[in-house]
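Coordinates from start36.cif are shown below (mmCIF, C-alpha atoms; chains and numbers go by the auth columns).
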data_coords
loop_
_atom_site.group_PDB
_atom_site.id
_atom_site.type_symbol
_atom_site.label_atom_id
_atom_site.label_comp_id
_atom_site.label_asym_id
_atom_site.label_seq_id
_atom_site.Cartn_x
_atom_site.Cartn_y
_atom_site.Cartn_z
_atom_site.B_iso_or_equiv
_atom_site.auth_seq_id
_atom_site.auth_asym_id
ATOM 1 C CA MET A 1 45.042 40.187 118.557 0.00 1 A
ATOM 2 C CA ARG A 2 46.837 36.973 119.461 0.00 2 A
ATOM 3 C CA GLY A 3 47.915 34.959 116.423 0.00 3 A
ATOM 4 C CA GLU A 4 48.098 37.917 113.999 0.00 4 A
ATOM 5 C CA PRO A 5 51.505 38.540 112.374 0.00 5 A
ATOM 6 C CA SER A 6 53.320 41.500 113.753 0.00 6 A
ATOM 7 C CA ARG A 7 53.575 44.513 111.449 0.00 7 A
ATOM 8 C CA SER A 8 56.744 46.588 111.583 0.00 8 A
ATOM 9 C CA LYS A 9 56.224 50.296 111.300 0.00 9 A
ATOM 10 C CA GLU A 10 57.924 51.852 108.277 0.00 10 A
ATOM 11 C CA PRO A 11 59.925 54.982 109.014 0.00 11 A
ATOM 12 C CA PRO A 12 58.224 58.169 107.881 0.00 12 A
ATOM 13 C CA MET A 13 59.344 59.513 104.534 0.00 13 A
ATOM 14 C CA PRO A 14 61.553 62.567 104.916 0.00 14 A
ATOM 15 C CA ASP A 15 60.301 65.812 103.472 0.00 15 A
ATOM 16 C CA GLN A 16 61.630 66.450 100.002 0.00 16 A
ATOM 17 C CA PRO A 17 64.101 69.339 99.665 0.00 17 A
ATOM 18 C CA VAL A 18 62.518 72.505 98.402 0.00 18 A
ATOM 19 C CA PRO A 19 64.044 73.730 95.112 0.00 19 A
ATOM 20 C CA VAL A 20 65.674 77.134 95.176 0.00 20 A
ATOM 21 C CA PRO A 21 63.640 79.599 93.112 0.00 21 A
ATOM 22 C CA VAL A 22 65.296 80.247 89.769 0.00 22 A
ATOM 23 C CA GLU A 23 65.338 84.000 90.353 0.00 23 A
ATOM 24 C CA ARG A 24 67.572 83.459 93.396 0.00 24 A
ATOM 25 C CA LEU A 25 70.207 81.496 91.471 0.00 25 A
ATOM 26 C CA GLY A 26 73.319 83.394 90.457 0.00 26 A
ATOM 27 C CA PHE A 27 74.143 83.701 86.772 0.00 27 A
ATOM 28 C CA GLU A 28 76.595 86.243 85.400 0.00 28 A
ATOM 29 C CA MET A 29 75.573 88.306 82.396 0.00 29 A
ATOM 30 C CA PRO A 30 77.440 90.965 80.415 0.00 30 A
ATOM 31 C CA PRO A 31 77.543 94.159 82.472 0.00 31 A
ATOM 32 C CA VAL A 32 75.818 97.368 81.428 0.00 32 A
ATOM 33 C CA HIS A 33 77.693 100.614 82.099 0.00 33 A
ATOM 34 C CA ASP A 34 76.222 104.033 82.759 0.00 34 A
ATOM 35 C CA THR A 35 79.162 106.029 81.420 0.00 35 A
ATOM 36 C CA ALA A 36 81.696 105.764 78.638 0.00 36 A
ATOM 37 C CA GLU A 37 84.465 105.955 81.221 0.00 37 A
ATOM 38 C CA ALA A 38 83.161 102.895 83.046 0.00 38 A
ATOM 39 C CA ALA A 39 82.667 100.998 79.789 0.00 39 A
ATOM 40 C CA ARG A 40 86.187 101.911 78.680 0.00 40 A
ATOM 41 C CA ALA A 41 87.809 100.773 81.937 0.00 41 A
ATOM 42 C CA HIS A 42 85.950 97.469 81.800 0.00 42 A
ATOM 43 C CA ARG A 43 86.766 96.884 78.138 0.00 43 A
ATOM 44 C CA LYS A 44 90.462 97.607 78.657 0.00 44 A
ATOM 45 C CA GLU A 45 90.634 95.236 81.622 0.00 45 A
ATOM 46 C CA ARG A 46 88.970 92.460 79.640 0.00 46 A
ATOM 47 C CA LEU A 47 91.310 93.105 76.718 0.00 47 A
ATOM 48 C CA ALA A 48 94.411 92.855 78.920 0.00 48 A
ATOM 49 C CA GLU A 49 93.060 89.661 80.523 0.00 49 A
ATOM 50 C CA ALA A 50 92.379 88.163 77.085 0.00 50 A
ATOM 51 C CA LEU A 51 95.904 88.910 75.897 0.00 51 A
ATOM 52 C CA ARG A 52 97.385 87.273 78.980 0.00 52 A
ATOM 53 C CA LEU A 53 95.172 84.234 78.423 0.00 53 A
ATOM 54 C CA LEU A 54 96.201 83.853 74.785 0.00 54 A
ATOM 55 C CA GLY A 55 99.809 84.133 75.870 0.00 55 A
ATOM 56 C CA ARG A 56 99.306 81.465 78.505 0.00 56 A
ATOM 57 C CA LEU A 57 97.694 79.183 75.914 0.00 57 A
ATOM 58 C CA GLY A 58 100.718 79.598 73.659 0.00 58 A
ATOM 59 C CA TYR A 59 98.906 81.598 70.951 0.00 59 A
ATOM 60 C CA GLU A 60 101.774 84.033 70.585 0.00 60 A
ATOM 61 C CA ASP A 61 104.707 83.947 68.203 0.00 61 A
ATOM 62 C CA GLY A 62 107.276 86.718 68.357 0.00 62 A
ATOM 63 C CA VAL A 63 105.671 90.080 67.658 0.00 63 A
ATOM 64 C CA ALA A 64 102.688 88.609 65.770 0.00 64 A
ATOM 65 C CA GLY A 65 99.164 88.678 67.141 0.00 65 A
ATOM 66 C CA GLN A 66 96.693 91.360 68.138 0.00 66 A
ATOM 67 C CA ILE A 67 93.391 91.957 69.811 0.00 67 A
ATOM 68 C CA THR A 68 91.636 95.248 69.152 0.00 68 A
ATOM 69 C CA ALA A 69 88.663 96.635 71.063 0.00 69 A
ATOM 70 C CA ARG A 70 86.565 99.558 69.857 0.00 70 A
ATOM 71 C CA ASP A 71 86.550 102.543 72.207 0.00 71 A
ATOM 72 C CA PRO A 72 83.013 103.100 73.569 0.00 72 A
ATOM 73 C CA GLU A 73 83.179 106.866 73.043 0.00 73 A
ATOM 74 C CA PHE A 74 85.666 107.957 70.386 0.00 74 A
ATOM 75 C CA GLU A 75 84.667 107.159 66.819 0.00 75 A
ATOM 76 C CA ASP A 76 87.157 105.092 64.793 0.00 76 A
ATOM 77 C CA CYS A 77 89.530 104.609 67.747 0.00 77 A
ATOM 78 C CA TYR A 78 90.587 101.224 69.108 0.00 78 A
ATOM 79 C CA TRP A 79 92.505 99.833 72.075 0.00 79 A
ATOM 80 C CA VAL A 80 95.260 97.404 71.153 0.00 80 A
ATOM 81 C CA ASN A 81 98.333 95.693 72.574 0.00 81 A
ATOM 82 C CA PRO A 82 101.660 97.479 71.982 0.00 82 A
ATOM 83 C CA PHE A 83 104.092 96.158 69.397 0.00 83 A
ATOM 84 C CA GLY A 84 106.852 93.919 70.717 0.00 84 A
ATOM 85 C CA ARG A 85 105.445 93.266 74.196 0.00 85 A
ATOM 86 C CA ALA A 86 104.730 89.780 75.536 0.00 86 A
ATOM 87 C CA PHE A 87 101.021 89.028 75.931 0.00 87 A
ATOM 88 C CA THR A 88 101.468 87.426 79.343 0.00 88 A
ATOM 89 C CA ALA A 89 102.906 90.584 80.931 0.00 89 A
ATOM 90 C CA LEU A 90 100.339 93.110 79.704 0.00 90 A
ATOM 91 C CA THR A 91 97.991 95.125 81.894 0.00 91 A
ATOM 92 C CA ALA A 92 95.276 97.615 81.025 0.00 92 A
ATOM 93 C CA ASP A 93 97.744 100.480 81.541 0.00 93 A
ATOM 94 C CA ASP A 94 99.975 99.076 78.775 0.00 94 A
ATOM 95 C CA LEU A 95 97.296 99.258 76.067 0.00 95 A
ATOM 96 C CA LEU A 96 97.410 101.813 73.266 0.00 96 A
ATOM 97 C CA LEU A 97 94.527 103.843 71.866 0.00 97 A
ATOM 98 C CA VAL A 98 95.018 104.042 68.106 0.00 98 A
ATOM 99 C CA ASP A 99 92.890 105.824 65.534 0.00 99 A
ATOM 100 C CA GLY A 100 91.695 104.183 62.340 0.00 100 A
ATOM 101 C CA ASP A 101 94.701 105.506 60.425 0.00 101 A
ATOM 102 C CA GLY A 102 97.116 103.748 62.781 0.00 102 A
ATOM 103 C CA ARG A 103 98.193 106.812 64.767 0.00 103 A
ATOM 104 C CA VAL A 104 98.754 106.312 68.489 0.00 104 A
ATOM 105 C CA VAL A 105 96.457 108.636 70.442 0.00 105 A
ATOM 106 C CA THR A 106 97.168 107.334 73.938 0.00 106 A
ATOM 107 C CA GLY A 107 100.277 105.418 74.957 0.00 107 A
ATOM 108 C CA GLY A 108 104.023 105.529 74.550 0.00 108 A
ATOM 109 C CA ARG A 109 104.886 102.594 72.299 0.00 109 A
ATOM 110 C CA ARG A 110 104.509 101.697 68.644 0.00 110 A
ATOM 111 C CA VAL A 111 101.670 99.670 67.170 0.00 111 A
ATOM 112 C CA ASN A 112 102.034 96.883 64.598 0.00 112 A
ATOM 113 C CA GLN A 113 100.899 98.978 61.629 0.00 113 A
ATOM 114 C CA LEU A 114 100.337 96.187 59.095 0.00 114 A
ATOM 115 C CA ALA A 115 98.307 94.046 61.457 0.00 115 A
ATOM 116 C CA PHE A 116 96.370 96.985 62.871 0.00 116 A
ATOM 117 C CA ALA A 117 95.306 98.108 59.399 0.00 117 A
ATOM 118 C CA VAL A 118 93.483 94.794 58.934 0.00 118 A
ATOM 119 C CA HIS A 119 91.694 95.149 62.253 0.00 119 A
ATOM 120 C CA ALA A 120 90.730 98.760 61.515 0.00 120 A
ATOM 121 C CA ALA A 121 89.266 97.732 58.158 0.00 121 A
ATOM 122 C CA VAL A 122 87.172 95.028 59.836 0.00 122 A
ATOM 123 C CA HIS A 123 85.957 97.440 62.511 0.00 123 A
ATOM 124 C CA ARG A 124 84.975 100.028 59.913 0.00 124 A
ATOM 125 C CA ARG A 125 83.098 97.536 57.751 0.00 125 A
ATOM 126 C CA ARG A 126 81.396 95.945 60.781 0.00 126 A
ATOM 127 C CA PRO A 127 80.306 98.780 63.135 0.00 127 A
ATOM 128 C CA GLU A 128 78.547 96.311 65.464 0.00 128 A
ATOM 129 C CA VAL A 129 81.823 94.493 66.141 0.00 129 A
ATOM 130 C CA VAL A 130 83.543 95.475 69.391 0.00 130 A
ATOM 131 C CA ALA A 131 86.619 93.227 69.218 0.00 131 A
ATOM 132 C CA VAL A 132 88.771 91.547 66.562 0.00 132 A
ATOM 133 C CA VAL A 133 91.223 88.745 67.368 0.00 133 A
ATOM 134 C CA ARG A 134 94.067 87.411 65.269 0.00 134 A
ATOM 135 C CA ALA A 135 96.821 85.343 66.857 0.00 135 A
ATOM 136 C CA ARG A 136 99.231 82.532 66.062 0.00 136 A
ATOM 137 C CA ALA A 137 97.662 79.228 67.111 0.00 137 A
ATOM 138 C CA PRO A 138 98.993 75.964 65.639 0.00 138 A
ATOM 139 C CA TYR A 139 95.876 74.080 64.573 0.00 139 A
ATOM 140 C CA GLY A 140 94.163 77.063 63.021 0.00 140 A
ATOM 141 C CA ARG A 141 97.331 77.703 61.044 0.00 141 A
ATOM 142 C CA ALA A 142 97.454 74.050 59.971 0.00 142 A
ATOM 143 C CA LEU A 143 93.838 74.217 58.789 0.00 143 A
ATOM 144 C CA ALA A 144 94.658 77.449 56.961 0.00 144 A
ATOM 145 C CA ALA A 145 97.595 75.729 55.284 0.00 145 A
ATOM 146 C CA LEU A 146 95.099 73.220 53.871 0.00 146 A
ATOM 147 C CA GLY A 147 92.839 76.045 52.729 0.00 147 A
ATOM 148 C CA GLU A 148 89.799 74.527 54.440 0.00 148 A
ATOM 149 C CA LEU A 149 86.815 75.640 56.477 0.00 149 A
ATOM 150 C CA LEU A 150 85.828 74.148 59.821 0.00 150 A
ATOM 151 C CA ALA A 151 83.716 71.060 59.208 0.00 151 A
ATOM 152 C CA PRO A 152 80.546 70.408 61.254 0.00 152 A
ATOM 153 C CA ILE A 153 81.859 67.203 62.790 0.00 153 A
ATOM 154 C CA THR A 154 81.404 68.153 66.467 0.00 154 A
ATOM 155 C CA GLU A 155 78.802 70.076 68.433 0.00 155 A
ATOM 156 C CA GLU A 156 81.332 72.821 69.113 0.00 156 A
ATOM 157 C CA ALA A 157 82.279 73.187 65.451 0.00 157 A
ATOM 158 C CA CYS A 158 78.623 73.690 64.566 0.00 158 A
ATOM 159 C CA ALA A 159 78.805 77.149 66.177 0.00 159 A
ATOM 160 C CA PHE A 160 80.699 78.135 63.010 0.00 160 A
ATOM 161 C CA TYR A 161 78.454 76.278 60.560 0.00 161 A
ATOM 162 C CA GLU A 162 77.689 78.629 57.665 0.00 162 A
ATOM 163 C CA ASP A 163 78.988 81.435 59.877 0.00 163 A
ATOM 164 C CA HIS A 164 82.624 81.650 58.826 0.00 164 A
ATOM 165 C CA ALA A 165 84.476 82.139 55.583 0.00 165 A
ATOM 166 C CA LEU A 166 87.731 81.306 53.815 0.00 166 A
ATOM 167 C CA LEU A 167 90.027 83.876 52.248 0.00 167 A
ATOM 168 C CA ASP A 168 91.335 81.432 49.669 0.00 168 A
ATOM 169 C CA GLU A 169 94.420 83.278 48.485 0.00 169 A
ATOM 170 C CA TYR A 170 97.708 84.397 49.956 0.00 170 A
ATOM 171 C CA SER A 171 99.902 87.434 49.473 0.00 171 A
ATOM 172 C CA GLY A 172 103.099 88.431 51.222 0.00 172 A
ATOM 173 C CA ALA A 173 101.545 91.507 52.831 0.00 173 A
ATOM 174 C CA ASP A 174 98.222 92.007 54.545 0.00 174 A
ATOM 175 C CA GLU A 175 95.486 93.563 52.431 0.00 175 A
ATOM 176 C CA PRO A 176 93.057 95.133 54.899 0.00 176 A
ATOM 177 C CA GLU A 177 90.039 95.737 52.680 0.00 177 A
ATOM 178 C CA ARG A 178 90.245 92.329 51.040 0.00 178 A
ATOM 179 C CA THR A 179 90.335 90.664 54.464 0.00 179 A
ATOM 180 C CA ALA A 180 87.397 92.691 55.755 0.00 180 A
ATOM 181 C CA LEU A 181 85.399 91.935 52.612 0.00 181 A
ATOM 182 C CA ALA A 182 86.160 88.209 52.873 0.00 182 A
ATOM 183 C CA LEU A 183 84.950 88.115 56.477 0.00 183 A
ATOM 184 C CA GLY A 184 81.604 89.555 55.386 0.00 184 A
ATOM 185 C CA PRO A 185 78.865 89.186 58.032 0.00 185 A
ATOM 186 C CA TYR A 186 80.432 86.171 59.718 0.00 186 A
ATOM 187 C CA LYS A 187 82.077 85.602 63.106 0.00 187 A
ATOM 188 C CA ALA A 188 85.286 84.009 61.828 0.00 188 A
ATOM 189 C CA LEU A 189 87.615 83.909 58.857 0.00 189 A
ATOM 190 C CA VAL A 190 90.216 81.343 57.834 0.00 190 A
ATOM 191 C CA LEU A 191 93.087 83.212 56.191 0.00 191 A
ATOM 192 C CA ARG A 192 94.711 80.695 53.862 0.00 192 A
ATOM 193 C CA ASN A 193 98.306 79.899 54.859 0.00 193 A
ATOM 194 C CA ARG A 194 98.017 82.258 57.846 0.00 194 A
ATOM 195 C CA GLY A 195 95.484 81.300 60.458 0.00 195 A
ATOM 196 C CA LEU A 196 92.271 82.458 62.094 0.00 196 A
ATOM 197 C CA LEU A 197 90.541 85.783 62.652 0.00 197 A
ATOM 198 C CA THR A 198 87.427 86.156 64.819 0.00 198 A
ATOM 199 C CA VAL A 199 85.116 88.974 65.854 0.00 199 A
ATOM 200 C CA GLY A 200 82.470 89.549 68.521 0.00 200 A
ATOM 201 C CA ASP A 201 80.247 92.134 70.153 0.00 201 A
ATOM 202 C CA SER A 202 82.501 91.986 73.227 0.00 202 A
ATOM 203 C CA VAL A 203 86.132 91.161 73.894 0.00 203 A
ATOM 204 C CA ASP A 204 85.003 88.021 75.696 0.00 204 A
ATOM 205 C CA ALA A 205 82.941 86.759 72.749 0.00 205 A
ATOM 206 C CA ALA A 206 85.624 87.442 70.131 0.00 206 A
ATOM 207 C CA VAL A 207 88.303 85.678 72.180 0.00 207 A
ATOM 208 C CA TRP A 208 86.041 82.703 72.886 0.00 208 A
ATOM 209 C CA TRP A 209 85.353 82.296 69.172 0.00 209 A
ATOM 210 C CA PHE A 210 89.078 82.302 68.475 0.00 210 A
ATOM 211 C CA ILE A 211 89.794 79.664 71.108 0.00 211 A
ATOM 212 C CA GLU A 212 86.791 77.570 70.050 0.00 212 A
ATOM 213 C CA ALA A 213 87.777 77.752 66.382 0.00 213 A
ATOM 214 C CA GLU A 214 91.320 76.704 67.258 0.00 214 A
ATOM 215 C CA ARG A 215 90.011 73.733 69.241 0.00 215 A
ATOM 216 C CA ALA A 216 87.604 72.765 66.454 0.00 216 A
ATOM 217 C CA ALA A 217 90.486 72.831 63.988 0.00 217 A
ATOM 218 C CA GLN A 218 92.493 70.598 66.311 0.00 218 A
ATOM 219 C CA VAL A 219 89.721 68.006 66.540 0.00 219 A
ATOM 220 C CA GLN A 220 89.162 68.134 62.786 0.00 220 A
ATOM 221 C CA LEU A 221 92.801 67.408 62.037 0.00 221 A
ATOM 222 C CA ILE A 222 92.986 64.629 64.636 0.00 222 A
ATOM 223 C CA ALA A 223 89.786 63.023 63.335 0.00 223 A
ATOM 224 C CA ARG A 224 91.033 63.117 59.767 0.00 224 A
ATOM 225 C CA ALA A 225 94.336 61.550 60.769 0.00 225 A
ATOM 226 C CA ALA A 226 92.440 58.730 62.487 0.00 226 A
ATOM 227 C CA GLY A 227 89.904 58.048 59.742 0.00 227 A
ATOM 228 C CA LYS A 228 87.026 59.629 57.850 0.00 228 A
ATOM 229 C CA PRO A 229 85.076 62.138 60.000 0.00 229 A
ATOM 230 C CA VAL A 230 81.271 61.866 59.875 0.00 230 A
ATOM 231 C CA PRO A 231 79.657 65.285 59.398 0.00 231 A
ATOM 232 C CA ILE A 232 76.529 66.431 61.204 0.00 232 A
ATOM 233 C CA ASP A 233 73.659 66.916 58.765 0.00 233 A
ATOM 234 C CA HIS A 234 72.628 70.406 57.650 0.00 234 A
ATOM 235 C CA ARG A 235 69.472 70.726 59.748 0.00 235 A
ATOM 236 C CA ALA A 236 71.073 69.545 62.985 0.00 236 A
ATOM 237 C CA ALA A 237 74.174 71.656 62.409 0.00 237 A
ATOM 238 C CA ALA A 238 72.093 74.769 61.776 0.00 238 A
ATOM 239 C CA LEU A 239 69.963 74.171 64.877 0.00 239 A
ATOM 240 C CA THR A 240 73.077 73.668 66.973 0.00 240 A
ATOM 241 C CA ARG A 241 74.515 76.926 65.651 0.00 241 A
ATOM 242 C CA GLU A 242 71.328 78.755 66.589 0.00 242 A
ATOM 243 C CA ARG A 243 71.601 77.397 70.117 0.00 243 A
ATOM 244 C CA PHE A 244 75.327 77.846 70.770 0.00 244 A
ATOM 245 C CA GLY A 245 76.482 80.297 68.116 0.00 245 A
ATOM 246 C CA SER A 246 75.427 83.665 69.528 0.00 246 A
ATOM 247 C CA ASP A 247 77.847 86.184 70.992 0.00 247 A
ATOM 248 C CA LEU A 248 75.958 85.943 74.278 0.00 248 A
ATOM 249 C CA ALA A 249 76.583 82.187 74.369 0.00 249 A
ATOM 250 C CA ALA A 250 80.241 82.887 73.620 0.00 250 A
ATOM 251 C CA TRP A 251 80.446 85.467 76.421 0.00 251 A
ATOM 252 C CA VAL A 252 79.009 82.996 78.925 0.00 252 A
ATOM 253 C CA SER A 253 81.267 80.176 77.739 0.00 253 A
ATOM 254 C CA TYR A 254 84.350 82.371 78.093 0.00 254 A
ATOM 255 C CA GLN A 255 83.867 83.258 81.771 0.00 255 A
ATOM 256 C CA PRO A 256 85.450 80.092 83.277 0.00 256 A
ATOM 257 C CA LEU A 257 88.494 80.577 81.047 0.00 257 A
ATOM 258 C CA ARG A 258 89.030 84.198 81.984 0.00 258 A
ATOM 259 C CA GLU A 259 89.107 83.185 85.651 0.00 259 A
ATOM 260 C CA LEU A 260 92.500 81.649 84.888 0.00 260 A
ATOM 261 C CA VAL A 261 94.003 85.097 84.430 0.00 261 A
ATOM 262 C CA ALA A 262 91.557 87.284 86.360 0.00 262 A
ATOM 263 C CA SER A 263 92.398 85.474 89.616 0.00 263 A
ATOM 264 C CA THR A 264 96.129 86.089 89.132 0.00 264 A
ATOM 265 C CA SER A 265 96.031 89.647 87.822 0.00 265 A
#
Show the structure stored in the file as structure tokens.
Amino acid sequence: MRGEPSRSKEPPMPDQPVPVPVERLGFEMPPVHDTAEAARAHRKERLAEALRLLGRLGYEDGVAGQITARDPEFEDCYWVNPFGRAFTALTADDLLLVDGDGRVVTGGRRVNQLAFAVHAAVHRRRPEVVAVVRARAPYGRALAALGELLAPITEEACAFYEDHALLDEYSGADEPERTALALGPYKALVLRNRGLLTVGDSVDAAVWWFIEAERAAQVQLIARAAGKPVPIDHRAAALTRERFGSDLAAWVSYQPLRELVASTS
């Protein structure tokens, strides 16, 4: 009608996007293998990738450092990097299969006997452990020089809250059984004046725990140099560990890192 104010038509609201069903979203999980041969091939490939990654991160010092992975079929036999070979150059074909007494079963090079004996002792005491990692990383070694545990001062460090131990003594030679006993049921061990040792139910998990412990040690030392770190209280730290401290969480967290070496292998 004449005299009424004109009313502009509002544009129709667009239809809202339809969410993708959760079951159609990709999410990688640890693979399950039908045969020991398939499990072995996969484990060896992941072990070689992990060694190359640690080498790329600078966690290698001369001939020191090892990762061992339990063979999926042969009892008390473990795959390990050969003595005196650079981490960054290793492939699955370079790995040695060594029995629990340190004898090479498959491969043509020597194994670091002293270091391997520690790993074998851990594997024997912890039959659920697939992989053991010990390497030379600077901040873990600095923390070990102080004879300290990882403090729950960051969310990431809480993954180790009440789930790692300190071997608070040093000797000039490795003592395998003492190290395995000190680790106990935990995922990580600080070896005083030496560095870090970690374990996991997969190569991926054990390596992630090593890298995460090294990073937590770095933050702890930086925070202390800057002032007085504020710890997370017991309840919150324990809840955070329950959320982020499983080997499955470690496996998932490790996948972006392993892409660094998997894409160039």
Once the PyMOL selection byres ((chain A and resi 245) around 10) is applied to the coordinates I shared, what remains selected? I want it as a PyMOL selection string. chain A and resi 156-161+163+187+209+238-244+246-250
Using all atoms listed in the file, list the residues that have an atom at most 12 Å from (83.0, 91.6, 54.4), coordinates as in the file, as number ranges by chain. A: 118, 121-127, 164-167, 176-189, 199
Closest of A:His42, A:Pro82, A:Glu175, A:Val219 to A:Asn112, counting only C-alpha atoms, is A:Pro82
Might you spell out which residues the PyMOL selection byres ((chain A and resi 129-135) around 7) would select in the displayed file, as a PyMOL selection string? chain A and resi 59-60+64-70+119+123+126-128+136-137+196-203+206-207+210
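In this model, the gap between atom CA of A:Leu114 and atom CA of A:Pro138 comes to 21.3 Å.
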If you measure from atom CA of A:Ala120 to atom CA of A:Val105, what distance in Å do you get, rounded to one decimal? 14.5 Å
Expand the PyMOL selection byres ((chain A and resi 88) around 12) into the individual residues it matches in the shown file, reporting them as a short mmCIF file (atom, residue, chain, number, x, y, z; two decimals) with C-alpha atoms, in the frame of the given file.
data_model
loop_
_atom_site.label_atom_id
_atom_site.label_comp_id
_atom_site.auth_asym_id
_atom_site.auth_seq_id
_atom_site.Cartn_x
_atom_site.Cartn_y
_atom_site.Cartn_z
CA LEU A 47 91.31 93.10 76.72
CA ALA A 48 94.41 92.86 78.92
CA GLU A 49 93.06 89.66 80.52
CA ALA A 50 92.38 88.16 77.08
CA LEU A 51 95.90 88.91 75.90
CA ARG A 52 97.38 87.27 78.98
CA LEU A 53 95.17 84.23 78.42
CA LEU A 54 96.20 83.85 74.78
CA GLY A 55 99.81 84.13 75.87
CA ARG A 56 99.31 81.46 78.50
CA LEU A 57 97.69 79.18 75.91
CA GLY A 58 100.72 79.60 73.66
CA TYR A 59 98.91 81.60 70.95
CA GLU A 60 101.77 84.03 70.58
CA ASN A 81 98.33 95.69 72.57
CA ARG A 85 105.44 93.27 74.20
CA ALA A 86 104.73 89.78 75.54
CA PHE A 87 101.02 89.03 75.93
CA ALA A 89 102.91 90.58 80.93
CA LEU A 90 100.34 93.11 79.70
CA THR A 91 97.99 95.12 81.89
CA ASP A 94 99.98 99.08 78.78
CA VAL A 261 94.00 85.10 84.43
CA THR A 264 96.13 86.09 89.13
CA SER A 265 96.03 89.65 87.82
#
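Using all atoms listed in the file for every distance, the candidate list A:Asp204, A:Asp168, A:Glu214, A:Glu162 yields A:Asp204 as the residue closest to A:Pro30.
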In Å, rounded to a single decimal, give me how far atom CA of A:Leu149 is from atom CA of A:Arg258. 27.0 Å
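Of the listed residues A:Glu28, A:Val104, A:Ala236, A:Asp15, the one whose atoms come nearest to A:Val252 is A:Glu28, with distances taken using all atoms listed in the file.
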So which one's closest to A:Ala38, A:Gly108, A:Pro72, A:Pro11, A:Pro229? Using only C-alpha atoms, please. A:Pro72
Tell me, as a PyMOL selection string, which residues lie within 8 Å of A:Lys44, counting only C-alpha atoms; anything in the same chain fewer than 6 positions away does not count. chain A and resi 69+79+92+95
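Shortest atom-to-atom contact with A:Ala223 among A:Ala262, A:Ala142, A:Val20, A:Ile153: A:Ile153, counting all atoms listed in the file.
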Using only C-alpha atoms: which of A:Glu73, A:Glu45, A:Glu259, A:Glu155 has the shortest distance to A:Ile232: A:Glu155
Could you work out an axis-aligned bounding box for all listed atoms of stretch 33-45 of chain A, with 3 Å added on each of the six sides, and give its centre and edge lengths in Å to one decimal, as JSON?
{"center_x": 83.4, "center_y": 100.6, "center_z": 80.6, "size_x": 20.4, "size_y": 16.8, "size_z": 10.9}
